[in-house]
file run_18.txt (compact mmCIF, C-alpha atoms)
# COMPACT_ATOMS: atom_id res chain seq x y z
CA MET Q 20 122.99 202.24 231.03
CA THR Q 21 125.91 204.23 232.34
CA LEU Q 22 126.74 207.75 231.32
CA GLN Q 23 129.91 206.38 229.68
CA GLU Q 24 127.76 204.10 227.50
CA ILE Q 25 125.66 207.10 226.45
CA ILE Q 26 128.85 209.00 225.59
CA ASN Q 27 130.10 206.11 223.45
CA ARG Q 28 126.77 205.53 221.74
CA VAL Q 29 126.31 209.08 220.41
CA GLY Q 30 129.99 209.98 220.19
CA ALA Q 31 129.54 212.75 222.74
CA GLU Q 32 132.17 215.14 223.92
CA VAL Q 33 132.27 215.64 227.69
CA VAL Q 34 131.98 219.38 228.24
CA LEU Q 35 131.77 219.16 232.03
CA ASP Q 36 132.63 215.93 233.77
CA ASN Q 37 131.55 216.20 237.42
CA HIS Q 38 132.72 212.59 237.89
CA GLN Q 39 129.48 210.92 236.89
CA GLN Q 40 130.73 208.61 234.11
CA GLU Q 41 129.70 205.49 236.00
CA ARG Q 42 126.33 206.92 236.98
CA GLU Q 43 123.43 204.69 235.94
CA VAL Q 44 120.85 206.40 233.75
CA LYS Q 45 117.50 204.75 233.10
CA TYR Q 46 115.31 207.50 231.66
CA ALA Q 47 115.65 210.30 229.14
CA PHE Q 48 113.53 213.30 228.26
CA ALA Q 49 114.06 215.32 225.08
CA ALA Q 50 112.81 218.89 224.71
CA ASP Q 51 113.74 222.34 223.51
CA LEU Q 52 110.92 223.84 225.55
CA MET Q 53 112.07 224.28 229.14
CA SER Q 54 108.45 224.73 230.28
CA ASP Q 55 107.92 221.07 229.37
CA VAL Q 56 110.96 220.04 231.41
CA LEU Q 57 109.68 221.98 234.42
CA ARG Q 58 106.47 219.96 234.38
CA LEU Q 59 108.21 216.62 234.88
CA ASP Q 60 107.71 214.87 238.19
CA ALA Q 61 110.77 212.66 237.69
CA SER Q 62 114.30 213.83 238.40
CA GLU Q 63 116.74 211.03 237.63
CA VAL Q 64 116.83 211.60 233.90
CA ILE Q 65 119.19 212.79 231.21
CA LEU Q 66 117.85 215.87 229.45
CA ILE Q 67 118.46 215.84 225.69
CA THR Q 68 118.08 219.29 224.16
CA GLY Q 69 119.04 221.43 221.20
CA LEU Q 70 118.57 224.61 223.20
CA ALA Q 71 121.78 226.08 224.60
CA ASN Q 72 121.43 228.98 227.02
CA PRO Q 73 121.83 229.50 230.78
CA GLN Q 74 118.14 228.83 231.38
CA VAL Q 75 118.62 225.22 230.32
CA ILE Q 76 121.07 224.80 233.19
CA ARG Q 77 118.79 226.65 235.61
CA THR Q 78 115.87 224.47 234.54
CA ALA Q 79 117.92 221.31 235.20
CA GLU Q 80 119.05 222.73 238.54
CA MET Q 81 115.47 223.40 239.72
CA SER Q 82 114.30 220.02 238.40
CA ASP Q 83 117.16 218.06 240.03
CA ILE Q 84 118.27 216.80 236.61
CA PRO Q 85 121.95 215.75 236.88
CA LEU Q 86 122.81 215.22 233.18
CA ILE Q 87 122.33 217.24 229.99
CA LEU Q 88 123.16 216.16 226.44
CA PHE Q 89 123.26 219.01 223.91
CA VAL Q 90 122.58 217.85 220.35
CA ARG Q 91 123.23 219.46 216.95
CA GLY Q 92 126.71 220.52 218.11
CA LYS Q 93 125.37 223.43 220.15
CA GLY Q 94 127.89 225.76 221.76
CA VAL Q 95 128.07 225.71 225.52
CA THR Q 96 129.20 229.01 227.05
CA PRO Q 97 131.56 229.44 230.04
CA GLU Q 98 128.61 230.95 231.93
CA MET Q 99 126.60 227.75 231.39
CA ILE Q 100 129.53 225.60 232.48
CA ALA Q 101 129.97 227.67 235.66
CA LEU Q 102 126.28 227.32 236.53
CA ALA Q 103 126.39 223.57 235.89
CA GLN Q 104 129.50 223.21 238.04
CA GLU Q 105 127.72 224.88 240.96
CA SER Q 106 124.85 222.43 240.73
CA ASN Q 107 126.87 219.26 239.98
CA ILE Q 108 125.37 218.84 236.55
CA SER Q 109 127.35 216.98 233.87
CA LEU Q 110 127.29 218.40 230.35
CA LEU Q 111 127.71 216.39 227.15
CA ARG Q 112 127.60 217.53 223.56
CA CYS Q 113 127.18 215.61 220.32
CA LYS Q 114 126.93 216.60 216.67
CA GLN Q 115 123.96 214.39 215.93
CA SER Q 116 120.44 215.67 215.41
CA MET Q 117 117.91 215.35 218.22
CA PHE Q 118 116.12 212.60 216.27
CA LYS Q 119 119.27 210.56 215.68
CA ALA Q 120 120.59 210.91 219.23
CA CYS Q 121 117.22 209.95 220.69
CA GLY Q 122 116.90 207.01 218.29
CA GLU Q 123 120.36 205.70 219.12
CA LEU Q 124 119.80 205.97 222.86
CA TYR Q 125 116.31 204.48 222.74
CA ALA Q 126 117.65 201.52 220.74
CA ALA Q 127 120.39 201.11 223.34
CA GLY Q 128 117.84 200.77 226.12
CA LEU Q 129 117.32 204.23 227.53
CA GLN Q 130 113.64 204.54 228.45
CA PRO Q 131 111.09 207.31 227.98
CA LEU Q 132 109.42 208.86 231.04
CA TYR Q 133 106.02 208.37 229.43
CA MET R 3 113.07 233.55 258.86
CA GLU R 4 112.69 236.01 256.02
CA PHE R 5 114.74 236.55 252.88
CA THR R 6 114.22 239.06 250.09
CA TYR R 7 115.74 238.96 246.61
CA HIS R 8 115.65 241.52 243.83
CA ILE R 9 114.69 240.40 240.32
CA GLU R 10 115.70 242.48 237.29
CA GLY R 11 113.25 242.55 234.40
CA GLY R 12 114.66 241.50 231.03
CA ASP R 13 117.93 240.11 232.44
CA PHE R 14 117.82 236.49 231.36
CA SER R 15 121.42 235.83 232.38
CA ARG R 16 120.37 236.24 236.03
CA ALA R 17 116.94 234.61 235.81
CA GLY R 18 116.84 231.82 238.35
CA ALA R 19 119.47 233.28 240.69
CA ALA R 20 116.92 234.03 243.44
CA SER R 21 115.25 230.61 243.18
CA SER R 22 118.70 229.01 243.29
CA GLU R 23 119.51 230.80 246.58
CA VAL R 24 116.23 229.60 248.10
CA LYS R 25 116.99 226.06 246.99
CA LYS R 26 120.33 226.17 248.82
CA ILE R 27 118.63 227.35 252.02
CA LEU R 28 115.96 224.64 251.87
CA LYS R 29 118.61 221.97 251.31
CA GLN R 30 120.52 223.19 254.37
CA LEU R 31 117.31 222.83 256.37
CA ASN R 32 117.02 219.19 255.27
CA ILE R 33 113.58 219.65 253.77
CA ASP R 34 112.35 216.63 251.79
CA LEU R 35 113.87 216.73 248.29
CA ALA R 36 110.54 216.20 246.52
CA VAL R 37 109.08 219.17 248.41
CA ILE R 38 112.13 221.30 247.58
CA LYS R 39 111.69 220.51 243.92
CA ARG R 40 108.01 221.56 243.96
CA VAL R 41 108.87 224.80 245.76
CA VAL R 42 111.80 225.82 243.56
CA VAL R 43 110.09 224.90 240.28
CA ALA R 44 107.17 227.16 241.25
CA LEU R 45 109.57 229.92 242.35
CA TYR R 46 111.61 229.65 239.18
CA GLU R 47 108.50 229.83 236.98
CA ALA R 48 107.46 232.97 238.86
CA GLU R 49 110.95 234.45 238.65
CA VAL R 50 111.10 233.82 234.89
CA ASN R 51 107.69 235.51 234.58
CA VAL R 52 109.06 238.66 236.22
CA VAL R 53 112.16 238.64 233.97
CA ALA R 54 110.02 237.99 230.90
CA HIS R 55 107.23 240.49 231.49
CA ALA R 56 108.03 243.06 234.18
CA HIS R 57 110.47 245.94 234.75
CA GLU R 58 111.61 244.64 238.13
CA GLY R 59 110.38 242.67 241.08
CA ILE R 60 111.13 241.20 244.48
CA MET R 61 110.88 237.69 245.84
CA LYS R 62 110.13 237.64 249.56
CA ILE R 63 110.43 234.30 251.30
CA THR R 64 108.99 233.60 254.74
CA LEU R 65 109.98 230.30 256.28
CA ALA R 66 107.86 228.78 259.04
CA PRO R 67 108.56 225.41 260.70
CA ASP R 68 105.91 223.69 258.58
CA SER R 69 105.73 225.80 255.43
CA ILE R 70 107.27 228.28 253.03
CA GLU R 71 105.47 231.34 251.79
CA ALA R 72 106.78 233.23 248.78
CA VAL R 73 105.55 236.59 247.57
CA ILE R 74 106.76 237.60 244.13
CA ALA R 75 105.74 241.19 243.46
CA ASP R 76 106.63 243.05 240.29
CA LYS R 77 106.28 246.44 238.69
CA GLY R 78 105.13 245.90 235.16
CA PRO R 79 102.25 245.69 232.72
CA GLY R 80 100.04 243.57 235.00
CA ILE R 81 97.68 240.82 233.87
CA PRO R 82 94.36 242.09 232.44
CA ASP R 83 92.58 238.73 232.72
CA ILE R 84 94.01 236.37 235.34
CA ALA R 85 91.60 233.54 234.50
CA LEU R 86 92.77 233.66 230.89
CA ALA R 87 96.45 233.73 231.97
CA MET R 88 95.84 230.62 234.07
CA GLN R 89 94.71 228.71 230.99
CA GLU R 90 97.33 226.37 229.62
CA GLY R 91 98.65 227.58 226.28
CA TYR R 92 97.74 231.25 226.71
CA SER R 93 100.83 233.45 226.52
CA THR R 94 101.81 237.03 225.74
CA ALA R 95 105.55 236.26 225.79
CA SER R 96 107.90 237.93 223.31
CA PRO R 97 109.91 236.01 220.70
CA ARG R 98 112.99 236.57 222.89
CA VAL R 99 111.34 234.81 225.82
CA ARG R 100 110.40 231.92 223.53
CA GLU R 101 114.01 231.65 222.35
CA MET R 102 114.94 231.04 225.99
CA GLY R 103 112.68 227.99 226.07
CA PHE R 104 109.63 229.56 227.71
CA GLY R 105 106.50 231.41 226.66
CA ALA R 106 104.32 228.41 225.97
CA GLY R 107 101.61 229.52 228.37
CA MET R 108 102.49 226.89 230.94
CA GLY R 109 104.09 228.92 233.73
CA LEU R 110 101.11 229.93 235.87
CA PRO R 111 99.40 226.51 235.58
CA ASN R 112 102.68 224.87 236.62
CA ILE R 113 103.00 227.22 239.60
CA LYS R 114 99.50 226.20 240.67
CA LYS R 115 100.42 222.51 240.33
CA ASN R 116 103.54 222.93 242.46
CA CYS R 117 102.21 224.84 245.46
CA ASP R 118 99.47 224.25 248.01
CA ARG R 119 97.95 227.74 247.99
CA LEU R 120 98.15 230.36 245.25
CA GLU R 121 96.85 233.91 245.20
CA ILE R 122 97.40 236.27 242.28
CA GLU R 123 96.57 239.97 242.33
CA SER R 124 97.27 242.24 239.41
CA THR R 125 96.69 245.83 238.36
CA VAL R 126 97.11 246.72 234.70
CA ASN R 127 100.04 249.09 234.11
CA ALA R 128 101.13 248.76 237.75
CA GLY R 129 102.18 245.19 238.47
CA THR R 130 101.42 241.68 239.65
CA THR R 131 101.77 239.99 243.01
CA VAL R 132 101.88 236.21 243.25
CA LYS R 133 101.67 234.63 246.71
CA MET R 134 102.34 230.93 247.00
CA THR R 135 102.44 228.68 250.03
CA THR R 136 103.76 225.15 250.25
CA PHE R 137 103.60 222.92 253.31
CA PHE R 138 106.57 220.70 254.12
CA THR R 139 104.45 217.75 255.23
CA GLY R 140 101.29 216.45 253.62
call {"tool": "encode", "arguments": {"input": "run_18.txt", "output": "structure tokens"}}
result
Amino acid sequence: MTLQEIINRVGAEVVLDNHQQEREVKYAFAADLMSDVLRLDASEVILITGLANPQVIRTAEMSDIPLILFVRGKGVTPEMIALAQESNISLLRCKQSMFKACGELYAAGLQPLY
Amino acid sequence: MEFTYHIEGGDFSRAGAASSEVKKILKQLNIDLAVIKRVVVALYEAEVNVVAHAHEGIMKITLAPDSIEAVIADKGPGIPDIALAMQEGYSTASPRVREMGFGAGMGLPNIKKNCDRLEIESTVNAGTTVKMTTFFTG
């Protein structure tokens, strides 16, 4: 599915665009533990997380993850946005819980990594 | 080519800055993206370890045509039992480190997974030196 379809499905707000709305996304990984994210071999995923701090952006940067969806209406700081901008990472935010957002996106066809 | 970066202990807002600089250099050198990811994930884990546990540290990168060697040396509490620290799930991280999304006892094992050679030396109450080497071609 495209990033725009993900946005529509969970009613996400685009925090940082980076012109990726038409980007195709096949896989998602959901975690609040960045150590788990850093163990992934795959890169082309959307990271769904309820953790909001600069290390989430750094983790995505090192892991070549281009998209992050923050759930539970988490605040994204200007510092995080600046870091994401540098690394061409798009940031989305929705009010839904992690469980609901993951359920919606799974039902819509987004696939798990394992 | 050699590059050295300073790492400040406890400063989570800067954690990852050194690894990020190395990533930019490796991309400019057109190193294979999968190799870059292995290198920078290992570097970032090591950098976060310094920020999480030590007072300060340095990251010294030596680039050869076929490999990258990174030495991350810190001044800090040291690791009393390296074999125990290498075990998945063992951690001495503070609640603050855990709030940042780390501290699950997965850092050192993940460094080992993402480099080709790993040497760790540590002296309690003095510091830890991690030396990792990754080759650009299999």
call {"tool": "interface_residues", "arguments": {"input": "run_18.txt", "of": "chain R", "to": "chain Q", "cutoff": "6 Å", "atoms": "all atoms listed in the file", "output": "list in words"}}
result
Val42, Val43, Gly103 and Phe104 of chain R
call {"tool": "residues_near_point", "arguments": {"input": "run_18.txt", "point": "(119.5, 234.1, 238.5)", "cutoff": "12 Å", "atoms": "only C-alpha atoms", "output": "number ranges by chain"}}
result
Q: 73-74, 76-78, 80-81, 98-99, 102; R: 7-25, 45-47, 49-50, 52-53, 61
call {"tool": "write_last_selection", "arguments": {"input": "run_18.txt", "atoms": "C-alpha atoms", "output": "PDB file, keeping the file's coordinate frame"}}
result
ATOM      1  CA  PRO Q  73     121.830 229.500 230.780  1.00  0.00           C
ATOM      2  CA  GLN Q  74     118.140 228.830 231.380  1.00  0.00           C
ATOM      3  CA  ILE Q  76     121.070 224.800 233.190  1.00  0.00           C
ATOM      4  CA  ARG Q  77     118.790 226.650 235.610  1.00  0.00           C
ATOM      5  CA  THR Q  78     115.870 224.470 234.540  1.00  0.00           C
ATOM      6  CA  GLU Q  80     119.050 222.730 238.540  1.00  0.00           C
ATOM      7  CA  MET Q  81     115.470 223.400 239.720  1.00  0.00           C
ATOM      8  CA  GLU Q  98     128.610 230.950 231.930  1.00  0.00           C
ATOM      9  CA  MET Q  99     126.600 227.750 231.390  1.00  0.00           C
ATOM     10  CA  LEU Q 102     126.280 227.320 236.530  1.00  0.00           C
TER      11      LEU Q 102
ATOM     12  CA  TYR R   7     115.740 238.960 246.610  1.00  0.00           C
ATOM     13  CA  HIS R   8     115.650 241.520 243.830  1.00  0.00           C
ATOM     14  CA  ILE R   9     114.690 240.400 240.320  1.00  0.00           C
ATOM     15  CA  GLU R  10     115.700 242.480 237.290  1.00  0.00           C
ATOM     16  CA  GLY R  11     113.250 242.550 234.400  1.00  0.00           C
ATOM     17  CA  GLY R  12     114.660 241.500 231.030  1.00  0.00           C
ATOM     18  CA  ASP R  13     117.930 240.110 232.440  1.00  0.00           C
ATOM     19  CA  PHE R  14     117.820 236.490 231.360  1.00  0.00           C
ATOM     20  CA  SER R  15     121.420 235.830 232.380  1.00  0.00           C
ATOM     21  CA  ARG R  16     120.370 236.240 236.030  1.00  0.00           C
ATOM     22  CA  ALA R  17     116.940 234.610 235.810  1.00  0.00           C
ATOM     23  CA  GLY R  18     116.840 231.820 238.350  1.00  0.00           C
ATOM     24  CA  ALA R  19     119.470 233.280 240.690  1.00  0.00           C
ATOM     25  CA  ALA R  20     116.920 234.030 243.440  1.00  0.00           C
ATOM     26  CA  SER R  21     115.250 230.610 243.180  1.00  0.00           C
ATOM     27  CA  SER R  22     118.700 229.010 243.290  1.00  0.00           C
ATOM     28  CA  GLU R  23     119.510 230.800 246.580  1.00  0.00           C
ATOM     29  CA  VAL R  24     116.230 229.600 248.100  1.00  0.00           C
ATOM     30  CA  LYS R  25     116.990 226.060 246.990  1.00  0.00           C
ATOM     31  CA  LEU R  45     109.570 229.920 242.350  1.00  0.00           C
ATOM     32  CA  TYR R  46     111.610 229.650 239.180  1.00  0.00           C
ATOM     33  CA  GLU R  47     108.500 229.830 236.980  1.00  0.00           C
ATOM     34  CA  GLU R  49     110.950 234.450 238.650  1.00  0.00           C
ATOM     35  CA  VAL R  50     111.100 233.820 234.890  1.00  0.00           C
ATOM     36  CA  VAL R  52     109.060 238.660 236.220  1.00  0.00           C
ATOM     37  CA  VAL R  53     112.160 238.640 233.970  1.00  0.00           C
ATOM     38  CA  MET R  61     110.880 237.690 245.840  1.00  0.00           C
TER      39      MET R  61
END
call {"tool": "atom_distance", "arguments": {"input": "run_18.txt", "atom1": "atom CA of Q:Ile87", "atom2": "atom CA of Q:Arg112"}}
result
8.3 Å
call {"tool": "atom_distance", "arguments": {"input": "run_18.txt", "atom1": "atom CA of R:Val73", "atom2": "atom CA of R:Val132"}}
result
5.7 Å
call {"tool": "atom_distance", "arguments": {"input": "run_18.txt", "atom1": "atom CA of R:Glu90", "atom2": "atom CA of Q:Pro131"}}
result
23.6 Å
call {"tool": "closest_residue", "arguments": {"input": "run_18.txt", "among": "R:Phe137, R:Cys117, R:Lys26, R:Glu101", "to": "Q:Gly69", "atoms": "all atoms listed in the file"}}
result
R:Glu101
call {"tool": "closest_residue", "arguments": {"input": "run_18.txt", "among": "Q:Leu66, Q:Leu132, Q:Leu35, Q:Leu124", "to": "Q:Ala101", "atoms": "all atoms listed in the file"}}
result
Q:Leu35
call {"tool": "residues_around", "arguments": {"input": "run_18.txt", "residues": "stretch 90-94 of chain Q", "least_positions_apart": "2", "cutoff": "8 Å", "atoms": "only C-alpha atoms", "output": "PDB file with C-alpha atoms, keeping the file's coordinate frame"}}
result
ATOM      1  CA  ILE Q  67     118.460 215.840 225.690  1.00  0.00           C
ATOM      2  CA  THR Q  68     118.080 219.290 224.160  1.00  0.00           C
ATOM      3  CA  GLY Q  69     119.040 221.430 221.200  1.00  0.00           C
ATOM      4  CA  LEU Q  70     118.570 224.610 223.200  1.00  0.00           C
ATOM      5  CA  ALA Q  71     121.780 226.080 224.600  1.00  0.00           C
ATOM      6  CA  LEU Q  88     123.160 216.160 226.440  1.00  0.00           C
ATOM      7  CA  THR Q  96     129.200 229.010 227.050  1.00  0.00           C
ATOM      8  CA  ARG Q 112     127.600 217.530 223.560  1.00  0.00           C
ATOM      9  CA  CYS Q 113     127.180 215.610 220.320  1.00  0.00           C
ATOM     10  CA  LYS Q 114     126.930 216.600 216.670  1.00  0.00           C
ATOM     11  CA  GLN Q 115     123.960 214.390 215.930  1.00  0.00           C
ATOM     12  CA  SER Q 116     120.440 215.670 215.410  1.00  0.00           C
ATOM     13  CA  MET Q 117     117.910 215.350 218.220  1.00  0.00           C
ATOM     14  CA  ALA Q 120     120.590 210.910 219.230  1.00  0.00           C
TER      15      ALA Q 120
END
call {"tool": "residues_around", "arguments": {"input": "run_18.txt", "residues": "stretch 75-88 of chain R", "least_positions_apart": "6", "cutoff": "7 Å", "atoms": "all atoms listed in the file", "output": "PyMOL selection string"}}
result
chain R and resi 52+55-61+110-111+124-132
call {"tool": "residues_around", "arguments": {"input": "run_18.txt", "residues": "R:Gly107", "least_positions_apart": "2", "cutoff": "7 Å", "atoms": "all atoms listed in the file", "output": "number ranges by chain"}}
result
R: 90-93, 105, 109
call {"tool": "closest_residue", "arguments": {"input": "run_18.txt", "among": "Q:Pro85, Q:Tyr133, Q:Leu22, Q:Gly30", "to": "Q:Glu105", "atoms": "only C-alpha atoms"}}
result
Q:Pro85
call {"tool": "axis_aligned_box", "arguments": {"input": "run_18.txt", "around": "stretch 43-53 of chain R", "padding_each_side": "3 Å", "output": "JSON"}}
result
{"center_x": 109.7, "center_y": 231.8, "center_z": 238.2, "size_x": 11.0, "size_y": 19.8, "size_z": 14.4}
